[in-house]
Every structure is written in structure tokens, then in C-alpha cells.
Amino acid sequence: MTAHYQSHGDVAVITLDNPPVNGLGLSTRQGIVAALEQANADAAIRAVVLTGAGKAFSGGADIREFGSPKALQDPNLLSVILALENFAKPIVAAIHSVCMGGGLELALGAHYRVAAPGCKVALPEVKLGLIPGAGGTQRLPRVLGVEAALNMIVSGEAVNSEMLAQVPGQKLFDKLAASAESLMDEALAFARSVADVRPLPLVRNLPAKHPQGDAYFQFARNMVKGMSKNFPAPAKCVDAVEAATKKKFADGMAFEREIFINLMWTSECRALRHLFVAERAASKIPDVPEDTPKRNIQSVAVIGAGTMGGGISMNFLNAGIPVKMLEMKQEALDRGIATIRKNYEAQVKKGKLKQDKYEQRMALLSTTLDYADLKDADLVIEAVFEEIGVKQKVFEALDAVMKPGAILASNTSTLDVNKIANFTKRPQDVVGLHFFSPANVMKLLEVVRGDATAKDVLATVMSVAKKIKKTAVVSGVCDGFIGNRMVEQYVRQGGFLLDEGCTPEQVDKAIEKFGFAMGPFRMGDLAGNDIGWAIRKRRAIEHPDMKYSKTADLLCEKGRYGQKTGAGWYDYVPGKRDAIPNAEVIQMIEEHRKALGITARKVSDEEIVQRLVFSLVNEAAHILEEGIANKASDIDVVYIFGYGFPVHRGGPLKYADEVGLFNVTQAMKRFAQNPLDDAAFWQPAPLLARLAAEGKTFN
Ligand code: NAI
């Protein structure tokens, strides 16, 4: 069992001990109940202190039990909390470090609570599409007041124990300990001081009231509605807290339970839980064990101070890691530094960064024009022009100067990482680190594993990614890696849709209504249509038979590269990002259609969404089957964190699972019959066909 019993004279101490965060799994719950029985049986014990070992009081439910029968097996959390409330001797929760979710609900079942300063307290269930399900919505308003409690429940954000102790009239903490070190002594003394109190105080017996209840809850509902349009849980948090103020405690508990169970079965909740697990799983690489030794990364060099080099450098400066940037000319370095300064100064102006922090970060940045100055860096990331000849020169130069064991990374988005590795005599030290633009903002990092990349290099860069707060996913080497390889199919479908009768606006609106941050044409305008143009020119040589709509080429021939030229698929007003439809572009599309002899047809929004999304799904299935991605959930993570796929749908493959793979393949077979589309592409990938036939899912 993962909870222990120990007596300290007349006080029993029950310690949750289920690393890393004392999740309330079955064995921990059983351990608490067994320890309570022991404390009850010992007449010498007058009170109990409940605490957590190591780095937490408790982080809540044990995520390893998610979806398994153990999660609900008796004693479930509700029964354990009831056992605390009904215990005949006082129970004092000694809270420290982390007290979240079920952990906080457990503490609210104790008769008293003593907290250490610096403890993070939260009910984060809303982040998984749920509401607290073990009394959190009923008990927290009773100890913290309705407004403070609802703010915590609806946001899921952690609040520091010192802050909570200052909430006027709060009864969450009976005492704030002087320090984390003195917590246990203070909790033991407190337990002794209340050992004879009867009846024992219960949170459930406190009132939950708001002086202007109806008006307040109306206001809260309006606020929540605006902020969470695709998610049902936040509004349900308001309902549940309101119930705490209006219903008897037991009825409120039943109401909370009913909402909790109903939310559990919503697709939004399934999507969020999927992503929670997927994001954590992404850092695990099947053949790279977790205990693989890592190389020490204390300093970083960045080659190229352009758009990407600057953003990449900022990530390391933010994490307190010194960066040296190298360029060909001093002017380029000056420009790069000026951009970094401008970005930081904007943050300072907005109050997001303190002036002294900004200065500390800039002090970590240095520059050079000489490769010899980089020789001691532990990691070097190249972000120069996307030309294989330029990459070759850079990697040969790095190979000549870098100390043995340094990791040599390329930020290339389209070039062959194996080829780049072979420009050096140490291909085992070479890896792709594909950041997304703006690199200081976007969370996704594709780690491109070359044929020769050493396991300890992979383990190291995955851990570096965590340090700079990126979500890293491993991709094998292929054209476009995971994300861009998929997006190419999606953009290609967008082109066919124009040929068949759609406008860019219709396509964008349909997929934005589905939940994408941006449709393919607005995305093209943002990224620059000339980038795709260059790729298509290369493709025309490599795969001359690849079918695609020529409208995008025609657009580029007009110089309409997108936002940077003020005109692309749409028009743009300087300083604004609003996409304004342009009559000439529509005419260009119509003329091209005429030239192809196509009569425009009305395409439904449903067809637009299916063709765009299922094109991602089919390409993803190929990527999985080829072993470019290690697992389906990695692909979902790439799309959510790098490409604006709607979070409430859980990623392209999770979405396909929800639709049902049989239905997905049926739709693909229909699309294959459209003579204006690419019939060969719509043959379901073998993996997809197999899963559909077996009634299975990707995830
Ligand atoms: P950029 O043109 O803004 O910056 C490139 C910089 O490299 C320039 O400042 C240039 O002076 C410098 N440079 C060129 N050759 C050099 C050399 N031999 N030695 C030292 N410095 C040299 O280009 P950007 O957009 O930053 O792209 C850089 C790399 O990042 C490319 O490989 C690109 O494919 C990749 N990438 C770009 C993304 C984007 O959205 N812009 C996204 C992901 C990857």
C-alpha cells in the first residue's frame, strides 16, 4: 500500500507515499483507510495528521489509473473522504508543495488544515473537461467564499497558500505554518491542541452564501460563455457552485456527481484527457529508455540571426542558458539583436517581463563572426538559409571546431537531416530541431531523428526541450517531417476546392467553424505563399505527376505573397490582420476554372471540412505506418501545438477515432470518385484500412 502509518506519541501520522505526486490511486486509498482503522483501534492515539511524502501533499487522481477499473474501485475517493469526516478523532491535513484536484478534495474532508507557505492549491479538473467530482464544488465555496472558489474552479489555475490564507473570512486553512520545514511540528502541535474538541468541525456544515447570488451567477455565466465556447465544463462549474449555495449539502453532492459523470462522456472531455496523456507520452521514445544518460547542456550557439535564429535564441535566454549567435556579417548580428530587444521590450511594456529580468536575459547573449568562438558550446543550432549548399558549409565548419560530444542541430524545415549529418564526421551527434515560427512563442518542437542520431543525443534534446518549455515530438526523416508533410495534403485539398467552385473565404470559414484557428488560405497568407511556391517548383522536378491546383501559382505570379506584401488570397490593411476578400482573386479563380472546363458546383461545408481533415488523417496513417511517427498520439500533439487544430477535438487522429474509422474510409472512397480530386491519394492508407476493417482506432 502507498500510504504509511506512524505514531508520534498520542498523534498518528498518515503519510501518502505514491511518487511522484502522491496520486490517489487504489493502493493509496486503501492505505489511508487501513491507517485510519489502525489509529481508531489504538486508544493511545488522540488525533491524526494526514500528509504527503516527498514533493507533494497530493496531486489528485493517479493518472496512471485513468480509464482503468481501479480508478473507481472501492474505496473510491468519495468513500475515503467520508471516512475522514466520520472519523471519531480529529484529523489535521498537513498540506505542502502541491495540493490539487482530489488532493484538495481529500484535505477538505479533514477536520482541520494546516498549510505550508508556497503550496500550490488548485482544482484543475476543468482543464480535462471536467468539474471536481469528489465534493470540490460543494466544499471549496464553504471555506473560501463563493467568488474566490468559483474563480479557482472555473480557471483550474493554482493559487499559492499564502494568497489563500489572506482571503477575508477564509476557513480553508486553520493555520499557515511558518515554513515548509516546520510544517510537521506545527501540525502535530495543532493536532494536540484540538485533540479534545467535540463535535468535530466539518466543512459540509458551513454555509455557502453569496449576498447577491442570482445577479452574481448570471454575471459569472456570461463571463464563462465568452471564454469557453467549445467546452461545456466551465459553465457546469458555475451550475455546481450555484447548487452549493442553493441546495442541501447532500443534494449538492449528488448534483455535482451527475454533472461529473455526464461530462466524462462528452467528446470534449475525451479530447482533453487524450491530449493530457498524449503530451506526457510524447517525450517517451520507445527505444530510448528513460534512464539513458544525458549530455550536459550549459551553453548554446545559434548560427544565423534571422527570423528563426532570433526566436530560438530567446527560448534559451528565457531559461537562463547563455547563447552565442554567429552570422556572416556584423550588420546581420546587429539586426538580429535589435529584433530580440524589440520583442523583449514589447513584453516589458505590456508588464509581462520585469526590466531587471530583461537585462539579465540580454546579458546572457553574445555574438561572433568567428566559428572558433563557438568551440566550447554544448549545443549548436543552425538556422541559416534553407539551401543544402549553405548547410553543408556551416556543418563542415562546425565539425572542424566544435568540441567532441557537442550536439549539432539543424532547424531545417525541408532538407534531409541524414544528408546534413553526413557533412560531418560525427553524424551520431547531429539531430534536427525543427522550431515553429515565431520560435519564442510556438510550443511545438519536432525533434528529427537521423539514421545515425545517438540515443543519448535524443534523450538530451528531449530534456532540453522541457527546459525551454517546448512540447517535443520525435519525427523520422522524410520530406516535411510529420507536420509539414501532412499540411501539404491539406493545402492541396484547399486548391482542388477552389477549382471545383469554392472561394478562399468559403473554405476558410468552414474549417474555422470546425474550430481551426485559421483556414488554409489565411494560413498561406500568414506564412507567405512564396514558400509553398518554391516547394511546388521543387516537387515539379521530383514528382512531375503530382496533381495540384495551379491557382496558388497564378496568385504568386501576381506577386500576392500574403500579409508581407499586403496582398495574398485576401487583401490586408497595414497594421491589421483582417483578411479582406479581393474581387480580382475571385475572378482569377473563376477564369482558371473556366480554362479547365469546370462548371462550378456548390460544395457543402461538411464536404470542405471532411476533405481537409481526412486528408490529414490519411497522410498521418502513412506517416505512422512508415515509422516516421512513433505513435498516433504524437501526431495529434504536433497538430494541436503546431498547426492550430481545434483542441476540443483532440487532434486529427483522435477526431478520426471519434468519427469512426469505418466512416472515415467510406468518405475517402467517395472522394476518390471525384474526377477533379486525386483518386490515388484517397485510397485509404493500409494501416487505416486495416484498423477500419478490424473496428479498431488509432489511439
Ligand atoms: P532568415 O532568412 O530570416 O534568416 C537566415 C539568417 O541566416 C540570415 O540572417 C542570414 O544572414 C544567416 N545566414 C545565412 N547563411 C549563413 C552562414 N553561412 N553563416 C551564418 N549565417 C548565415 O531565415 P529563417 O526564416 O530564419 O530560416 C532559417 C532556417 O529555419 C531555414 O532552414 C528554414 O527552413 C528554417 N525554418 C524556418 C521557419 C520559418 O517559418 N521562417 C520555420 C521553421 C524552420
# chains A, B, ... in the order shown; residues from 1 in each chain; ligands from 1
$ residues_near_ligand --ligand "ligand 1" --cutoff "6 Å" --atoms "only C-alpha atoms and all ligand atoms" --output "number ranges by chain"
A: 303-309, 326-328, 332, 383-386, 390, 394, 411-413, 434-437
$ select_by_dssp --residues "region 384-526 of chain A" --states "strand (DSSP E)" --output "PyMOL selection string"
chain A and resi 407-410+430-435+444-449+471-476
$ write_last_selection --atoms "N, CA and C atoms" --output "PDB file, in the first residue's frame"
ATOM      1  N   ILE A 407      26.448  18.713 -29.368  1.00  0.00           N
ATOM      2  CA  ILE A 407      25.326  18.310 -30.216  1.00  0.00           C
ATOM      3  C   ILE A 407      25.151  19.338 -31.316  1.00  0.00           C
ATOM      4  N   LEU A 408      25.091  18.859 -32.566  1.00  0.00           N
ATOM      5  CA  LEU A 408      24.953  19.749 -33.713  1.00  0.00           C
ATOM      6  C   LEU A 408      23.547  19.600 -34.275  1.00  0.00           C
ATOM      7  N   ALA A 409      22.755  20.670 -34.183  1.00  0.00           N
ATOM      8  CA  ALA A 409      21.355  20.571 -34.594  1.00  0.00           C
ATOM      9  C   ALA A 409      21.060  21.488 -35.763  1.00  0.00           C
ATOM     10  N   SER A 410      20.125  21.064 -36.606  1.00  0.00           N
ATOM     11  CA  SER A 410      19.671  21.906 -37.715  1.00  0.00           C
ATOM     12  C   SER A 410      18.192  22.198 -37.561  1.00  0.00           C
ATOM     13  N   VAL A 430      24.431  14.580 -34.669  1.00  0.00           N
ATOM     14  CA  VAL A 430      23.584  15.511 -35.423  1.00  0.00           C
ATOM     15  C   VAL A 430      22.110  15.127 -35.279  1.00  0.00           C
ATOM     16  N   VAL A 431      21.272  16.153 -35.130  1.00  0.00           N
ATOM     17  CA  VAL A 431      19.842  15.942 -34.938  1.00  0.00           C
ATOM     18  C   VAL A 431      19.109  17.143 -35.532  1.00  0.00           C
ATOM     19  N   GLY A 432      17.858  16.951 -35.920  1.00  0.00           N
ATOM     20  CA  GLY A 432      17.057  18.096 -36.376  1.00  0.00           C
ATOM     21  C   GLY A 432      16.282  18.657 -35.197  1.00  0.00           C
ATOM     22  N   LEU A 433      16.298  19.976 -35.060  1.00  0.00           N
ATOM     23  CA  LEU A 433      15.424  20.617 -34.062  1.00  0.00           C
ATOM     24  C   LEU A 433      14.574  21.608 -34.836  1.00  0.00           C
ATOM     25  N   HIS A 434      13.388  21.156 -35.213  1.00  0.00           N
ATOM     26  CA  HIS A 434      12.534  21.967 -36.072  1.00  0.00           C
ATOM     27  C   HIS A 434      11.578  22.795 -35.225  1.00  0.00           C
ATOM     28  N   PHE A 435      11.957  24.067 -35.038  1.00  0.00           N
ATOM     29  CA  PHE A 435      11.119  25.011 -34.297  1.00  0.00           C
ATOM     30  C   PHE A 435      10.062  25.569 -35.234  1.00  0.00           C
ATOM     31  N   LEU A 444       5.419  23.926 -30.093  1.00  0.00           N
ATOM     32  CA  LEU A 444       5.843  22.661 -30.693  1.00  0.00           C
ATOM     33  C   LEU A 444       7.317  22.665 -31.101  1.00  0.00           C
ATOM     34  N   LEU A 445       7.960  21.541 -30.900  1.00  0.00           N
ATOM     35  CA  LEU A 445       9.313  21.324 -31.414  1.00  0.00           C
ATOM     36  C   LEU A 445       9.343  19.919 -32.007  1.00  0.00           C
ATOM     37  N   GLU A 446       9.629  19.822 -33.313  1.00  0.00           N
ATOM     38  CA  GLU A 446       9.814  18.493 -33.908  1.00  0.00           C
ATOM     39  C   GLU A 446      11.297  18.133 -33.777  1.00  0.00           C
ATOM     40  N   VAL A 447      11.553  17.037 -33.122  1.00  0.00           N
ATOM     41  CA  VAL A 447      12.924  16.559 -32.993  1.00  0.00           C
ATOM     42  C   VAL A 447      13.128  15.526 -34.094  1.00  0.00           C
ATOM     43  N   VAL A 448      14.013  15.847 -35.034  1.00  0.00           N
ATOM     44  CA  VAL A 448      14.157  14.962 -36.188  1.00  0.00           C
ATOM     45  C   VAL A 448      15.337  14.014 -35.961  1.00  0.00           C
ATOM     46  N   ARG A 449      14.988  12.748 -35.929  1.00  0.00           N
ATOM     47  CA  ARG A 449      15.961  11.708 -35.614  1.00  0.00           C
ATOM     48  C   ARG A 449      16.562  11.175 -36.904  1.00  0.00           C
ATOM     49  N   THR A 471       6.927  21.540 -26.237  1.00  0.00           N
ATOM     50  CA  THR A 471       6.404  20.188 -26.311  1.00  0.00           C
ATOM     51  C   THR A 471       7.077  19.530 -27.500  1.00  0.00           C
ATOM     52  N   ALA A 472       7.943  18.564 -27.216  1.00  0.00           N
ATOM     53  CA  ALA A 472       8.745  17.970 -28.277  1.00  0.00           C
ATOM     54  C   ALA A 472       8.147  16.649 -28.728  1.00  0.00           C
ATOM     55  N   VAL A 473       8.178  16.446 -30.049  1.00  0.00           N
ATOM     56  CA  VAL A 473       7.719  15.188 -30.638  1.00  0.00           C
ATOM     57  C   VAL A 473       8.818  14.705 -31.572  1.00  0.00           C
ATOM     58  N   VAL A 474       9.103  13.416 -31.535  1.00  0.00           N
ATOM     59  CA  VAL A 474      10.153  12.877 -32.392  1.00  0.00           C
ATOM     60  C   VAL A 474       9.578  12.512 -33.758  1.00  0.00           C
ATOM     61  N   SER A 475      10.292  12.918 -34.806  1.00  0.00           N
ATOM     62  CA  SER A 475       9.903  12.555 -36.171  1.00  0.00           C
ATOM     63  C   SER A 475      11.086  11.890 -36.848  1.00  0.00           C
ATOM     64  N   GLY A 476      10.793  10.923 -37.690  1.00  0.00           N
ATOM     65  CA  GLY A 476      11.850  10.359 -38.527  1.00  0.00           C
ATOM     66  C   GLY A 476      12.135  11.318 -39.668  1.00  0.00           C
TER      67      GLY A 476
END
$ atom_distance --atom1 "CA of Ser161 (chain A)" --atom2 "CA of Val80 (chain A)"
23.9 Å
$ atom_distance --atom1 "CA of Arg649 (chain A)" --atom2 "CA of Ser267 (chain A)"
7.3 Å
$ closest_atom_pairs --of "region 87-112 of chain A" --to "region 8-16 of chain A" --cutoff "12 Å" --atoms "only C-alpha atoms" --output "JSON lines"
{"residue": "A:Lys89", "atom": "CA", "partner": "A:Val11", "partner_atom": "CA", "distance": 10.1}
{"residue": "A:Pro90", "atom": "CA", "partner": "A:Val11", "partner_atom": "CA", "distance": 9.8}
{"residue": "A:Ile91", "atom": "CA", "partner": "A:Ala12", "partner_atom": "CA", "distance": 9.4}
{"residue": "A:Val92", "atom": "CA", "partner": "A:Val13", "partner_atom": "CA", "distance": 9.5}
{"residue": "A:Ala93", "atom": "CA", "partner": "A:Ile14", "partner_atom": "CA", "distance": 9.5}
{"residue": "A:Ala94", "atom": "CA", "partner": "A:Val13", "partner_atom": "CA", "distance": 9.7}
{"residue": "A:Ile95", "atom": "CA", "partner": "A:Thr15", "partner_atom": "CA", "distance": 11.1}
{"residue": "A:Gly103", "atom": "CA", "partner": "A:Leu16", "partner_atom": "CA", "distance": 10.3}
{"residue": "A:Leu106", "atom": "CA", "partner": "A:Leu16", "partner_atom": "CA", "distance": 11.5}
$ closest_atom_pairs --of "region 3-72 of chain A" --to "region 118-140 of chain A" --cutoff "9 Å" --atoms "only C-alpha atoms" --output "JSON lines"
{"residue": "A:Ala56", "atom": "CA", "partner": "A:Cys119", "partner_atom": "CA", "distance": 8.7}
{"residue": "A:Phe57", "atom": "CA", "partner": "A:Cys119", "partner_atom": "CA", "distance": 8.9}
{"residue": "A:Gly60", "atom": "CA", "partner": "A:Leu123", "partner_atom": "CA", "distance": 8.9}
$ write_last_selection --atoms "N, CA, C and O atoms" --output "mmCIF file, in the first residue's frame"
data_model
loop_
_atom_site.group_PDB
_atom_site.id
_atom_site.type_symbol
_atom_site.label_atom_id
_atom_site.label_comp_id
_atom_site.auth_asym_id
_atom_site.auth_seq_id
_atom_site.Cartn_x
_atom_site.Cartn_y
_atom_site.Cartn_z
ATOM 1 N N ALA A 56 4.970 16.503 -2.678
ATOM 2 C CA ALA A 56 3.574 16.939 -2.746
ATOM 3 C C ALA A 56 2.788 16.461 -1.530
ATOM 4 O O ALA A 56 3.148 15.451 -0.915
ATOM 5 N N PHE A 57 1.722 17.200 -1.205
ATOM 6 C CA PHE A 57 0.698 16.616 -0.343
ATOM 7 C C PHE A 57 -0.008 15.583 -1.215
ATOM 8 O O PHE A 57 0.130 14.390 -1.006
ATOM 9 N N GLY A 60 -3.652 14.759 -6.690
ATOM 10 C CA GLY A 60 -5.002 14.372 -7.125
ATOM 11 C C GLY A 60 -5.053 12.955 -7.658
ATOM 12 O O GLY A 60 -4.246 12.111 -7.276
#
$ atom_distance --atom1 "CA of Cys99 (chain A)" --atom2 "CA of Ser27 (chain A)"
18.8 Å
$ residues_around --residues "region 397-403 of chain A" --least-positions-apart "3" --cutoff "7 Å" --atoms "only C-alpha atoms" --output "list of chain:residue names"
A:Tyr371, A:Ala372, A:Leu374, A:Lys375, A:Asp376, A:Lys393, A:Val394, A:Ala406, A:Thr424, A:Lys425
$ residues_around --residues "Gln506 (chain A)" --least-positions-apart "2" --cutoff "10 Å" --atoms "only C-alpha atoms" --output "PyMOL selection string"
chain A and resi 497-498+501-504+508-512+519+603-605+608
